[in-house]
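For reference, my_file_33.pdb is printed below; it contains PDB, C-alpha atoms and all ligand atoms.
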ATOM      1  CA  MET S 163     111.819  63.242 -44.722
ATOM      2  CA  THR S 164     109.969  65.729 -46.824
ATOM      3  CA  GLU S 165     107.522  63.675 -48.797
ATOM      4  CA  ALA S 166     105.456  60.522 -48.366
ATOM      5  CA  THR S 167     103.956  58.614 -51.254
ATOM      6  CA  GLN S 168     101.036  56.250 -50.773
ATOM      7  CA  VAL S 169     101.173  53.440 -53.306
ATOM      8  CA  PRO S 170      97.664  52.033 -53.762
ATOM      9  CA  GLY S 171      97.173  48.299 -53.349
ATOM     10  CA  VAL S 172     100.422  47.613 -51.499
ATOM     11  CA  LEU S 173      99.810  45.490 -48.428
ATOM     12  CA  ASP S 174     102.140  44.568 -45.608
ATOM     13  CA  SER S 175     102.793  41.004 -44.402
ATOM     14  CA  HIS S 176      99.627  41.064 -42.224
ATOM     15  CA  GLY S 177      97.419  41.972 -45.149
ATOM     16  CA  GLU S 178      96.976  45.518 -43.857
ATOM     17  CA  ARG S 179      97.551  48.572 -46.008
ATOM     18  CA  ALA S 180     101.262  49.235 -45.782
ATOM     19  CA  ALA S 181     102.590  52.401 -44.224
ATOM     20  CA  PRO S 182     103.387  55.139 -46.757
ATOM     21  CA  LEU S 183     106.595  54.713 -48.690
ATOM     22  CA  GLN S 184     109.028  57.391 -47.623
ATOM     23  CA  THR S 185     110.876  58.994 -50.503
ATOM     24  CA  VAL S 186     113.136  62.007 -50.670
ATOM     25  CA  TYR S 187     114.448  63.734 -53.794
ATOM     26  CA  VAL S 188     118.235  63.652 -53.414
ATOM     27  CA  TYR S 189     120.223  63.561 -56.665
ATOM     28  CA  GLU S 190     119.236  66.250 -59.160
ATOM     29  CA  ALA S 191     119.236  65.486 -62.894
ATOM     30  CA  PRO S 192     122.657  67.062 -63.672
ATOM     31  CA  VAL S 193     124.298  64.963 -60.919
ATOM     32  CA  ARG S 194     122.715  61.769 -62.258
ATOM     33  CA  LEU S 195     123.574  62.597 -65.852
ATOM     34  CA  TRP S 196     127.145  63.379 -64.828
ATOM     35  CA  HIS S 197     127.401  60.117 -62.861
ATOM     36  CA  TRP S 198     126.515  57.862 -65.785
ATOM     37  CA  VAL S 199     128.380  59.838 -68.492
ATOM     38  CA  ASN S 200     131.434  59.926 -66.217
ATOM     39  CA  ALA S 201     131.166  56.168 -65.548
ATOM     40  CA  LEU S 202     131.012  55.462 -69.296
ATOM     41  CA  ALA S 203     133.941  57.802 -70.037
ATOM     42  CA  ILE S 204     135.999  56.056 -67.354
ATOM     43  CA  VAL S 205     135.306  52.600 -68.785
ATOM     44  CA  VAL S 206     136.512  53.816 -72.219
ATOM     45  CA  LEU S 207     139.517  55.672 -70.711
ATOM     46  CA  ALA S 208     140.680  52.732 -68.615
ATOM     47  CA  THR S 209     140.311  50.234 -71.487
ATOM     48  CA  THR S 210     142.011  52.412 -74.108
ATOM     49  CA  GLY S 211     144.605  53.643 -71.570
ATOM     50  CA  TYR S 212     145.522  50.041 -70.825
ATOM     51  CA  PHE S 213     146.122  49.396 -74.547
ATOM     52  CA  ILE S 214     148.108  52.631 -74.941
ATOM     53  CA  ALA S 215     150.444  51.301 -72.241
ATOM     54  CA  SER S 216     150.419  47.654 -73.438
ATOM     55  CA  PRO S 217     149.612  47.641 -77.154
ATOM     56  CA  LEU S 218     148.581  44.438 -78.895
ATOM     57  CA  PRO S 219     151.743  42.700 -80.145
ATOM     58  CA  SER S 220     150.840  42.870 -83.834
ATOM     59  CA  THR S 221     148.077  43.591 -86.307
ATOM     60  CA  PRO S 222     147.747  41.731 -89.611
ATOM     61  CA  GLY S 223     148.070  43.221 -93.104
ATOM     62  CA  GLU S 224     149.811  46.223 -94.646
ATOM     63  CA  ALA S 225     151.075  48.749 -92.104
ATOM     64  CA  SER S 226     149.575  51.605 -94.134
ATOM     65  CA  ALA S 227     146.141  49.921 -93.946
ATOM     66  CA  ASN S 228     146.173  49.865 -90.135
ATOM     67  CA  PHE S 229     145.223  52.656 -87.793
ATOM     68  CA  LEU S 230     144.344  50.625 -84.684
ATOM     69  CA  MET S 231     146.481  52.566 -82.172
ATOM     70  CA  GLY S 232     145.255  55.786 -83.779
ATOM     71  CA  TYR S 233     141.636  54.813 -83.094
ATOM     72  CA  ILE S 234     142.488  53.689 -79.569
ATOM     73  CA  ARG S 235     144.245  56.977 -78.819
ATOM     74  CA  PHE S 236     141.417  58.946 -80.451
ATOM     75  CA  ALA S 237     138.841  57.189 -78.230
ATOM     76  CA  HIS S 238     141.060  57.930 -75.190
ATOM     77  CA  PHE S 239     141.429  61.620 -75.979
ATOM     78  CA  ALA S 240     137.760  62.087 -76.951
ATOM     79  CA  SER S 241     136.536  60.510 -73.719
ATOM     80  CA  GLY S 242     139.255  62.441 -71.849
ATOM     81  CA  TYR S 243     137.626  65.646 -73.092
ATOM     82  CA  VAL S 244     134.182  64.347 -72.081
ATOM     83  CA  LEU S 245     135.547  63.546 -68.606
ATOM     84  CA  ALA S 246     137.181  66.972 -68.234
ATOM     85  CA  VAL S 247     134.141  68.956 -69.405
ATOM     86  CA  GLY S 248     131.921  66.777 -67.183
ATOM     87  CA  LEU S 249     134.153  67.445 -64.183
ATOM     88  CA  LEU S 250     133.938  71.209 -64.764
ATOM     89  CA  GLY S 251     130.150  70.927 -65.072
ATOM     90  CA  ARG S 252     129.964  68.868 -61.878
ATOM     91  CA  ILE S 253     132.028  71.464 -59.987
ATOM     92  CA  TYR S 254     129.709  74.216 -61.293
ATOM     93  CA  TRP S 255     126.704  72.208 -60.079
ATOM     94  CA  ALA S 256     128.230  71.957 -56.600
ATOM     95  CA  PHE S 257     127.740  75.738 -56.381
ATOM     96  CA  VAL S 258     124.227  75.983 -57.797
ATOM     97  CA  GLY S 259     122.719  72.583 -56.933
ATOM     98  CA  ASN S 260     121.168  71.300 -53.707
ATOM     99  CA  ALA S 261     123.088  70.391 -50.517
ATOM    100  CA  TYR S 262     123.717  66.802 -51.728
ATOM    101  CA  ALA S 263     125.417  68.162 -54.858
ATOM    102  CA  ARG S 264     128.050  69.767 -52.595
ATOM    103  CA  GLN S 265     128.555  66.776 -50.308
ATOM    104  CA  ILE S 266     131.538  65.074 -51.980
ATOM    105  CA  PHE S 267     133.506  68.334 -52.292
ATOM    106  CA  THR S 268     133.960  68.847 -48.554
ATOM    107  CA  LEU S 269     135.320  66.697 -45.758
ATOM    108  CA  PRO S 270     133.657  67.641 -42.428
ATOM    109  CA  LEU S 271     136.433  66.183 -40.252
ATOM    110  CA  TRP S 272     135.567  68.683 -37.491
ATOM    111  CA  ASN S 273     132.087  67.144 -37.110
ATOM    112  CA  PRO S 274     132.349  64.316 -34.505
ATOM    113  CA  LYS S 275     128.980  62.872 -35.533
ATOM    114  CA  TRP S 276     130.219  62.520 -39.104
ATOM    115  CA  VAL S 277     133.534  60.944 -38.009
ATOM    116  CA  TRP S 278     131.537  58.518 -35.839
ATOM    117  CA  GLY S 279     129.416  57.760 -38.927
ATOM    118  CA  VAL S 280     132.528  56.924 -41.008
ATOM    119  CA  LEU S 281     133.671  54.445 -38.331
ATOM    120  CA  TYR S 282     130.164  52.999 -37.940
ATOM    121  CA  GLU S 283     129.825  52.428 -41.700
ATOM    122  CA  LEU S 284     133.260  50.809 -41.757
ATOM    123  CA  ARG S 285     132.096  48.346 -39.096
ATOM    124  CA  TRP S 286     128.799  47.842 -40.986
ATOM    125  CA  TYR S 287     130.680  47.001 -44.205
ATOM    126  CA  LEU S 288     132.887  44.587 -42.203
ATOM    127  CA  PHE S 289     129.775  42.816 -40.856
ATOM    128  CA  LEU S 290     130.639  43.891 -37.281
ATOM    129  CA  VAL S 291     127.338  45.656 -36.496
ATOM    130  CA  LYS S 292     123.849  44.382 -37.174
ATOM    131  CA  ARG S 293     121.819  47.475 -38.093
ATOM    132  CA  PRO S 294     122.445  49.880 -40.965
ATOM    133  CA  GLN S 295     122.226  53.622 -40.426
ATOM    134  CA  LYS S 296     120.016  55.546 -42.837
ATOM    135  CA  TYR S 297     121.220  58.575 -44.738
ATOM    136  CA  VAL S 298     119.418  60.815 -47.187
ATOM    137  CA  GLY S 299     122.626  61.687 -49.100
ATOM    138  CA  HIS S 300     125.850  59.639 -49.241
ATOM    139  CA  ASN S 301     126.701  57.677 -46.120
ATOM    140  CA  PRO S 302     129.809  59.112 -44.394
ATOM    141  CA  LEU S 303     132.144  56.347 -45.619
ATOM    142  CA  ALA S 304     130.951  56.767 -49.228
ATOM    143  CA  HIS S 305     131.278  60.539 -48.791
ATOM    144  CA  PHE S 306     134.853  60.087 -47.480
ATOM    145  CA  SER S 307     135.976  57.880 -50.375
ATOM    146  CA  MET S 308     134.191  59.958 -53.036
ATOM    147  CA  PHE S 309     136.024  63.090 -51.833
ATOM    148  CA  PHE S 310     139.368  61.398 -52.598
ATOM    149  CA  PHE S 311     138.008  59.959 -55.832
ATOM    150  CA  MET S 312     137.236  63.489 -57.068
ATOM    151  CA  LEU S 313     140.839  64.494 -56.278
ATOM    152  CA  LEU S 314     142.032  61.459 -58.250
ATOM    153  CA  LEU S 315     139.842  62.439 -61.219
ATOM    154  CA  THR S 316     141.325  65.954 -61.133
ATOM    155  CA  PHE S 317     144.826  64.425 -61.051
ATOM    156  CA  MET S 318     143.997  62.297 -64.121
ATOM    157  CA  VAL S 319     142.716  65.321 -66.055
ATOM    158  CA  VAL S 320     145.783  67.410 -65.144
ATOM    159  CA  THR S 321     148.341  64.699 -66.008
ATOM    160  CA  GLY S 322     146.298  63.614 -69.067
ATOM    161  CA  PHE S 323     146.314  67.102 -70.571
ATOM    162  CA  ALA S 324     149.986  67.536 -69.705
ATOM    163  CA  LEU S 325     150.746  64.369 -71.709
ATOM    164  CA  TYR S 326     148.461  65.616 -74.480
ATOM    165  CA  SER S 327     150.419  68.874 -74.664
ATOM    166  CA  GLU S 328     153.502  66.914 -75.701
ATOM    167  CA  GLY S 329     151.753  66.149 -78.977
ATOM    168  CA  ALA S 330     149.869  69.434 -79.259
ATOM    169  CA  GLY S 331     153.054  71.520 -78.883
ATOM    170  CA  ARG S 332     154.320  74.334 -76.688
ATOM    171  CA  ASP S 333     151.978  76.870 -78.278
ATOM    172  CA  SER S 334     148.927  74.864 -77.330
ATOM    173  CA  TRP S 335     146.496  75.833 -74.570
ATOM    174  CA  GLN S 336     147.097  72.390 -73.084
ATOM    175  CA  TYR S 337     150.773  73.234 -72.568
ATOM    176  CA  LYS S 338     150.005  76.738 -71.272
ATOM    177  CA  LEU S 339     147.548  75.370 -68.708
ATOM    178  CA  PHE S 340     149.205  72.080 -67.768
ATOM    179  CA  GLY S 341     152.855  72.374 -68.839
ATOM    180  CA  TRP S 342     153.820  73.065 -65.191
ATOM    181  CA  VAL S 343     153.388  69.331 -64.546
ATOM    182  CA  PHE S 344     156.777  68.846 -66.249
ATOM    183  CA  ALA S 345     158.334  71.159 -63.660
ATOM    184  CA  ILE S 346     157.370  68.509 -61.085
ATOM    185  CA  TRP S 347     158.337  65.517 -63.264
ATOM    186  CA  PRO S 348     160.740  66.738 -65.979
ATOM    187  CA  ASN S 349     160.913  63.237 -67.423
ATOM    188  CA  SER S 350     157.587  62.678 -69.153
ATOM    189  CA  GLN S 351     157.884  58.917 -68.557
ATOM    190  CA  ASP S 352     157.265  59.728 -64.875
ATOM    191  CA  VAL S 353     154.068  61.567 -65.840
ATOM    192  CA  HIS S 354     153.039  58.488 -67.872
ATOM    193  CA  THR S 355     153.737  56.257 -64.877
ATOM    194  CA  TRP S 356     151.741  58.407 -62.405
ATOM    195  CA  HIS S 357     148.878  58.741 -64.896
ATOM    196  CA  HIS S 358     148.982  54.963 -65.315
ATOM    197  CA  LEU S 359     149.049  54.322 -61.540
ATOM    198  CA  GLY S 360     146.061  56.671 -61.223
ATOM    199  CA  MET S 361     144.153  54.325 -63.522
ATOM    200  CA  TRP S 362     144.661  51.421 -61.116
ATOM    201  CA  GLY S 363     143.483  53.644 -58.234
ATOM    202  CA  ILE S 364     140.300  54.342 -60.220
ATOM    203  CA  VAL S 365     139.833  50.644 -61.038
ATOM    204  CA  VAL S 366     140.073  49.763 -57.323
ATOM    205  CA  PHE S 367     137.550  52.521 -56.456
ATOM    206  CA  VAL S 368     135.091  51.312 -59.110
ATOM    207  CA  ILE S 369     135.261  47.667 -57.957
ATOM    208  CA  ILE S 370     134.597  48.617 -54.315
ATOM    209  CA  HIS S 371     132.000  51.227 -55.326
ATOM    210  CA  VAL S 372     129.890  48.874 -57.447
ATOM    211  CA  TYR S 373     130.116  46.125 -54.783
ATOM    212  CA  ALA S 374     129.038  48.604 -52.073
ATOM    213  CA  ALA S 375     126.189  50.021 -54.196
ATOM    214  CA  VAL S 376     124.726  46.560 -54.847
ATOM    215  CA  ARG S 377     125.292  45.373 -51.249
ATOM    216  CA  GLU S 378     123.763  48.482 -49.691
ATOM    217  CA  ASP S 379     120.807  48.428 -52.043
ATOM    218  CA  ILE S 380     119.938  44.977 -50.685
ATOM    219  CA  MET S 381     121.108  45.187 -47.072
ATOM    220  CA  SER S 382     120.604  48.751 -45.876
ATOM    221  CA  ARG S 383     116.827  48.971 -46.487
ATOM    222  CA  GLN S 384     117.180  52.120 -48.592
ATOM    223  CA  SER S 385     117.355  52.486 -52.367
ATOM    224  CA  LEU S 386     120.768  53.198 -53.914
ATOM    225  CA  ILE S 387     121.076  52.254 -57.575
ATOM    226  CA  SER S 388     117.542  53.369 -58.518
ATOM    227  CA  SER S 389     118.271  56.624 -56.624
ATOM    228  CA  MET S 390     121.090  57.348 -59.086
ATOM    229  CA  VAL S 391     118.554  56.810 -61.896
ATOM    230  CA  SER S 392     115.431  58.573 -60.610
ATOM    231  CA  GLY S 393     116.998  60.871 -58.020
ATOM    232  CA  GLU S 394     114.635  59.595 -55.297
ATOM    233  CA  ARG S 395     115.802  57.794 -52.167
ATOM    234  CA  LEU S 396     113.243  55.261 -50.919
ATOM    235  CA  PHE S 397     113.281  53.997 -47.312
ATOM    236  CA  ARG S 398     111.972  50.468 -47.267
ATOM    237  CA  ASP S 399     111.560  49.435 -43.614
ATOM    238  CA  GLU S 400     107.780  49.622 -43.834
ATOM    239  CA  TYR S 401     107.814  46.193 -45.463
ATOM    240  CA  GLU S 402     109.866  44.308 -42.882
ATOM    241  CA  SER S 403     107.754  41.501 -41.448
TER     242      SER S 403
HETATM  243  C1  LIG Y 501     133.243  53.895 -63.703
HETATM  244  C2  LIG Y 501     132.247  53.639 -62.938
HETATM  245  C3  LIG Y 501     131.729  54.540 -61.831
HETATM  246  C4  LIG Y 501     132.262  55.646 -61.230
HETATM  247  C5  LIG Y 501     133.593  56.300 -61.534
HETATM  248  C6  LIG Y 501     131.321  56.111 -60.237
HETATM  249  C7  LIG Y 501     131.500  57.221 -59.409
HETATM  250  C8  LIG Y 501     130.554  57.721 -58.537
HETATM  251  C9  LIG Y 501     130.627  58.984 -57.833
HETATM  252  C10 LIG Y 501     131.796  59.969 -57.957
HETATM  253  C11 LIG Y 501     129.508  59.125 -57.113
HETATM  254  C12 LIG Y 501     129.113  60.343 -56.280
HETATM  255  C13 LIG Y 501     128.065  61.096 -57.076
HETATM  256  C14 LIG Y 501     127.868  62.527 -56.633
HETATM  257  O1  LIG Y 501     127.525  62.776 -55.472
HETATM  258  O2  LIG Y 501     128.072  63.413 -57.478
HETATM  259  C15 LIG Y 501     128.710  57.932 -57.288
HETATM  260  C16 LIG Y 501     127.504  57.664 -56.695
HETATM  261  C17 LIG Y 501     126.798  56.495 -56.868
HETATM  262  N1  LIG Y 501     127.096  55.486 -57.772
HETATM  263 FE1  LIG Y 501     128.645  55.388 -58.984
HETATM  264  N2  LIG Y 501     130.236  55.274 -60.236
HETATM  265  C18 LIG Y 501     130.458  54.308 -61.202
HETATM  266  C19 LIG Y 501     129.615  53.273 -61.570
HETATM  267  C20 LIG Y 501     128.498  52.930 -60.868
HETATM  268  C21 LIG Y 501     127.682  51.764 -61.123
HETATM  269  C22 LIG Y 501     127.948  50.728 -62.219
HETATM  270  C23 LIG Y 501     126.669  51.785 -60.212
HETATM  271  C24 LIG Y 501     125.538  50.809 -60.036
HETATM  272  C25 LIG Y 501     125.715  49.554 -59.774
HETATM  273  C26 LIG Y 501     126.845  52.964 -59.385
HETATM  274  C27 LIG Y 501     126.029  53.329 -58.357
HETATM  275  C28 LIG Y 501     126.132  54.500 -57.642
HETATM  276  C29 LIG Y 501     125.198  54.877 -56.611
HETATM  277  C30 LIG Y 501     124.027  54.034 -56.136
HETATM  278  C31 LIG Y 501     125.620  56.120 -56.117
HETATM  279  C32 LIG Y 501     124.960  56.903 -55.001
HETATM  280  C33 LIG Y 501     125.513  56.326 -53.731
HETATM  281  C34 LIG Y 501     124.930  56.974 -52.508
HETATM  282  O3  LIG Y 501     123.775  57.375 -52.529
HETATM  283  O4  LIG Y 501     125.679  57.085 -51.509
HETATM  284  N3  LIG Y 501     127.974  53.641 -59.804
HETATM  285  N4  LIG Y 501     129.378  57.096 -58.171
HETATM  286  C1  LIG Y 502     139.857  58.110 -65.805
HETATM  287  C2  LIG Y 502     140.733  58.822 -66.426
HETATM  288  C3  LIG Y 502     141.902  58.283 -67.236
HETATM  289  C4  LIG Y 502     142.471  57.038 -67.229
HETATM  290  C5  LIG Y 502     142.066  55.819 -66.417
HETATM  291  C6  LIG Y 502     143.599  57.088 -68.150
HETATM  292  C7  LIG Y 502     144.486  56.039 -68.402
HETATM  293  C8  LIG Y 502     145.631  56.134 -69.166
HETATM  294  C9  LIG Y 502     146.673  55.150 -69.264
HETATM  295  C10 LIG Y 502     146.707  53.832 -68.492
HETATM  296  C11 LIG Y 502     147.601  55.603 -70.113
HETATM  297  C12 LIG Y 502     148.903  54.899 -70.512
HETATM  298  C13 LIG Y 502     150.024  55.496 -69.668
HETATM  299  C14 LIG Y 502     151.349  54.810 -69.935
HETATM  300  O1  LIG Y 502     152.078  55.268 -70.838
HETATM  301  O2  LIG Y 502     151.672  53.839 -69.234
HETATM  302  C15 LIG Y 502     147.167  56.876 -70.610
HETATM  303  C16 LIG Y 502     147.859  57.669 -71.510
HETATM  304  C17 LIG Y 502     147.448  58.902 -71.921
HETATM  305  N1  LIG Y 502     146.324  59.585 -71.501
HETATM  306 FE1  LIG Y 502     144.983  58.950 -70.130
HETATM  307  N2  LIG Y 502     143.652  58.331 -68.709
HETATM  308  C18 LIG Y 502     142.635  59.100 -68.162
HETATM  309  C19 LIG Y 502     142.332  60.411 -68.432
HETATM  310  C20 LIG Y 502     142.936  61.142 -69.426
HETATM  311  C21 LIG Y 502     142.548  62.483 -69.800
HETATM  312  C22 LIG Y 502     141.428  63.308 -69.144
HETATM  313  C23 LIG Y 502     143.369  62.852 -70.806
HETATM  314  C24 LIG Y 502     143.332  64.180 -71.522
HETATM  315  C25 LIG Y 502     143.074  64.284 -72.761
HETATM  316  C26 LIG Y 502     144.297  61.760 -71.063
HETATM  317  C27 LIG Y 502     145.314  61.767 -71.995
HETATM  318  C28 LIG Y 502     146.280  60.804 -72.131
HETATM  319  C29 LIG Y 502     147.425  60.911 -73.003
HETATM  320  C30 LIG Y 502     147.769  62.104 -73.900
HETATM  321  C31 LIG Y 502     148.150  59.727 -72.884
HETATM  322  C32 LIG Y 502     149.464  59.345 -73.608
HETATM  323  C33 LIG Y 502     149.108  58.720 -74.905
HETATM  324  C34 LIG Y 502     150.308  58.214 -75.657
HETATM  325  O3  LIG Y 502     151.437  58.259 -75.139
HETATM  326  O4  LIG Y 502     150.101  57.699 -76.779
HETATM  327  N3  LIG Y 502     143.996  60.726 -70.220
HETATM  328  N4  LIG Y 502     145.963  57.180 -70.003
END
Any chance you could put this one into structure tokens?
Ligand code: HEM
Ligand code: HEM
Amino acid sequence: MTEATQVPGVLDSHGERAAPLQTVYVYEAPVRLWHWVNALAIVVLATTGYFIASPLPSTPGEASANFLMGYIRFAHFASGYVLAVGLLGRIYWAFVGNAYARQIFTLPLWNPKWVWGVLYELRWYLFLVKRPQKYVGHNPLAHFSMFFFMLLLTFMVVTGFALYSEGAGRDSWQYKLFGWVFAIWPNSQDVHTWHHLGMWGIVVFVIIHVYAAVREDIMSRQSLISSMVSGERLFRDEYES
């Protein structure tokens, strides 16, 4: 812990001045900004992607007066670009940011303490152990799943731009950069299907992620959600009675 903040007027359960709150600056502004912009882009991408795959059966009125699928696809592509640029920015920040900015890009499988931590967290999430471990950055299980989530995001960008290149044409930069995807799946319906399956992988991650963030914020005696807003991790044990 690098820093202790004394909050005036805060008393513990015995009426004594509480011990200093322990806070550490963990998530730098670009990481936090990326997190929330990325979350928003994913909500738009998953919703519009779902409707691209399963369009509404009909829309009322003159066909020429309707552009619903056009707007849905536009929102998908626009947020796809936001996601892709954000991902590039996040990768750049892994190089220039602090140690926690690099965490989810590596998998320290050779570190037995870390592997032990993954298994401990798994048991903690399954209610099999009583005490939470405290971590300044991501806990090892979160770290483990976020590593694979970043791979999944990369997969969605690569397949997304490959699909986009079908509309943009063979001269487009999208085809030049991502056209090789059709060497793996020559039938573009397969690319659609994998891209679609990727969406469900992301939906499953988000459900577990939000559950874990809320649960840990309450149960692990360290701040989580506010840490992704302010950047500061707060350790709360000082107030246990
Ligand atoms: C589409 C929705 C979301 C996605 C894809 C997502 C993804 C991620 C990723 C990739 C990270 C790692 C950040 C990094 O180190 O760069 C992260 C961290 C985090 N996210 Fe989200 N997130 C989403 C929504 C949310 C929501 C709604 C909440 C709040 C309830 C939340 C709370 C957190 C927290 C607290 C962390 C830090 C966890 C820790 O310290 O170990 N996320 N999220
Ligand atoms: C979180 C990321 C993303 C999710 C969840 C997502 C989801 C989806 C889904 C479910 C579909 C329908 C697939 C089907 O035909 O069954 C789709 C189509 C498509 N997506 Fe994405 N997508 C994501 C990222 C991207 C990105 C980064 C791009 C790049 C611009 C992109 C471009 C496309 C294109 C071009 C189509 C085909 C549209 C059409 O056939 O009309 N997607 N997406």
Using all atoms listed in the file, which protein or nucleic acid residues come within 10 Å of Leu325 of chain S? Drop anything in the same chain fewer than 3 positions from it, and give the result as a PyMOL selection string. chain S and resi 319-322+328-330+336-337+340-341+343-344+350-351+353-354+357
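With atom CA of Phe323 of chain S on one side and atom C25 of ligand LIG 502 (chain Y) on the other, the separation reads 4.8 Å.
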So which residues are near ligand LIG 501 (chain Y), meaning at most 6 Å away with all atoms listed in the file counted, given back as a PyMOL selection string? chain S and resi 193+197+201+204-205+263+266+299-301+304+308+368+372+375-376+386-387+390
For ligand LIG 502 (chain Y), return the neighbouring residues as an MDAnalysis selection string (distance at most 9 Å; all atoms listed in the file). chainID S and resid 200:201 203:216 231:232 235 238:246 314:329 351 353:365
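Considering the residues S:Met381, S:Ile234, S:Leu303, S:Ile369 and counting only C-alpha atoms, Leu269 of chain S has its shortest atom-to-atom contact with S:Leu303.
Restricting the calculation to all atoms listed in the file, the smallest distance between Tyr282 of chain S and any of S:Pro294, S:Ile253, S:Val391, S:Tyr262 is found for S:Pro294.
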For atom CA of Arg293 of chain S and atom CA of Phe267 of chain S, quote the distance in Å rounded to one decimal.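 Result for atom CA of Arg293 of chain S versus atom CA of Phe267 of chain S: 27.8 Å, one decimal.
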To one decimal place, how far is atom CA of Leu218 of chain S from atom CA of Tyr233 of chain S in Å?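 If I compute the distance from atom CA of Leu218 of chain S to atom CA of Tyr233 of chain S, I get 13.2 Å.
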As a check of understanding, name the residues that the PyMOL selection byres (((chain S and resi 281) around 12) and not hetatm) selects in the supplied structure, as JSON, numbers by chain. {"S": [274, 275, 276, 277, 278, 279, 280, 282, 283, 284, 285, 286, 287, 288, 290, 291, 295, 301, 302, 303, 304, 306]}
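For Arg252 of chain S, the list of residues within 9 Å, based on all atoms listed in the file and with local chain neighbours fewer than 4 positions off taken out, reads Pro192, Val193, Trp196, Val247, Gly248, Ala256 and Ala263 of chain S.
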Same residues, C-alpha atoms, saved as an mmCIF file, in the frame of the given file:
data_model
loop_
_atom_site.group_PDB
_atom_site.id
_atom_site.type_symbol
_atom_site.label_atom_id
_atom_site.label_comp_id
_atom_site.auth_asym_id
_atom_site.auth_seq_id
_atom_site.Cartn_x
_atom_site.Cartn_y
_atom_site.Cartn_z
ATOM 1 C CA PRO S 192 122.657 67.062 -63.672
ATOM 2 C CA VAL S 193 124.298 64.963 -60.919
ATOM 3 C CA TRP S 196 127.145 63.379 -64.828
ATOM 4 C CA VAL S 247 134.141 68.956 -69.405
ATOM 5 C CA GLY S 248 131.921 66.777 -67.183
ATOM 6 C CA ALA S 256 128.230 71.957 -56.600
ATOM 7 C CA ALA S 263 125.417 68.162 -54.858
#
Smallest atom-to-atom distance to Ala261 of chain S: which of S:Ala225, S:Leu396, S:Val199, S:Val298, using only C-alpha atoms?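 Comparing S:Ala225, S:Leu396, S:Val199, S:Val298 against Ala261 of chain S, the winner is S:Val298.
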Which is closest to Glu190 of chain S among S:Trp347, S:Phe289, S:Phe309, S:Trp255, if we use all atoms listed in the file?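 Between S:Trp347, S:Phe289, S:Phe309, S:Trp255, the residue approaching Glu190 of chain S most closely is S:Trp255.
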When you count all atoms listed in the file, which of these residues is closest to Phe311 of chain S: S:Ile346, S:Ala191, S:Leu271, S:Leu249?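 Selected residue with least distance to Phe311 of chain S: S:Leu249.
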For His371 of chain S, which residue among S:His305, S:Arg395, S:Lys292, S:Arg264 is the nearest when counting all atoms listed in the file?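 Residue with the minimum atom-to-atom distance to His371 of chain S: S:His305.
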Quick one: axis-aligned box around all listed atoms of segment 191-210 of chain S, 5 Å on every side, centre and edge lengths in Å to one decimal, written as AutoDock Vina command-line options.
--center_x 130.6 --center_y 58.6 --center_z -67.5 --size_x 32.8 --size_y 26.8 --size_z 23.2
Generate the missing atoms of segment 242-253 of chain S up to N, CA and C atoms and report them as a JSON list (two decimals), in the coordinates of the input.
[["chain", "number", "residue", "atom", "x", "y", "z"],
["S", 242, "GLY", "N", 138.54, 61.57, -72.80],
["S", 242, "GLY", "CA", 139.26, 62.44, -71.85],
["S", 242, "GLY", "C", 138.63, 63.84, -71.82],
["S", 243, "TYR", "N", 138.29, 64.34, -73.04],
["S", 243, "TYR", "CA", 137.63, 65.65, -73.09],
["S", 243, "TYR", "C", 136.25, 65.59, -72.44],
["S", 244, "VAL", "N", 135.52, 64.50, -72.69],
["S", 244, "VAL", "CA", 134.18, 64.35, -72.08],
["S", 244, "VAL", "C", 134.33, 64.36, -70.55],
["S", 245, "LEU", "N", 135.32, 63.61, -70.06],
["S", 245, "LEU", "CA", 135.55, 63.55, -68.61],
["S", 245, "LEU", "C", 135.87, 64.93, -68.04],
["S", 246, "ALA", "N", 136.74, 65.67, -68.74],
["S", 246, "ALA", "CA", 137.18, 66.97, -68.23],
["S", 246, "ALA", "C", 136.04, 67.99, -68.24],
["S", 247, "VAL", "N", 135.26, 68.01, -69.34],
["S", 247, "VAL", "CA", 134.14, 68.96, -69.40],
["S", 247, "VAL", "C", 133.10, 68.57, -68.34],
["S", 248, "GLY", "N", 132.87, 67.26, -68.20],
["S", 248, "GLY", "CA", 131.92, 66.78, -67.18],
["S", 248, "GLY", "C", 132.36, 67.18, -65.78],
["S", 249, "LEU", "N", 133.64, 67.09, -65.52],
["S", 249, "LEU", "CA", 134.15, 67.44, -64.18],
["S", 249, "LEU", "C", 133.92, 68.93, -63.90],
["S", 250, "LEU", "N", 134.19, 69.76, -64.93],
["S", 250, "LEU", "CA", 133.94, 71.21, -64.76],
["S", 250, "LEU", "C", 132.45, 71.46, -64.50],
["S", 251, "GLY", "N", 131.60, 70.77, -65.26],
["S", 251, "GLY", "CA", 130.15, 70.93, -65.07],
["S", 251, "GLY", "C", 129.72, 70.48, -63.68],
["S", 252, "ARG", "N", 130.32, 69.39, -63.20],
["S", 252, "ARG", "CA", 129.96, 68.87, -61.88],
["S", 252, "ARG", "C", 130.39, 69.85, -60.78],
["S", 253, "ILE", "N", 131.56, 70.48, -60.97],
["S", 253, "ILE", "CA", 132.03, 71.46, -59.99],
["S", 253, "ILE", "C", 131.08, 72.67, -59.99]]
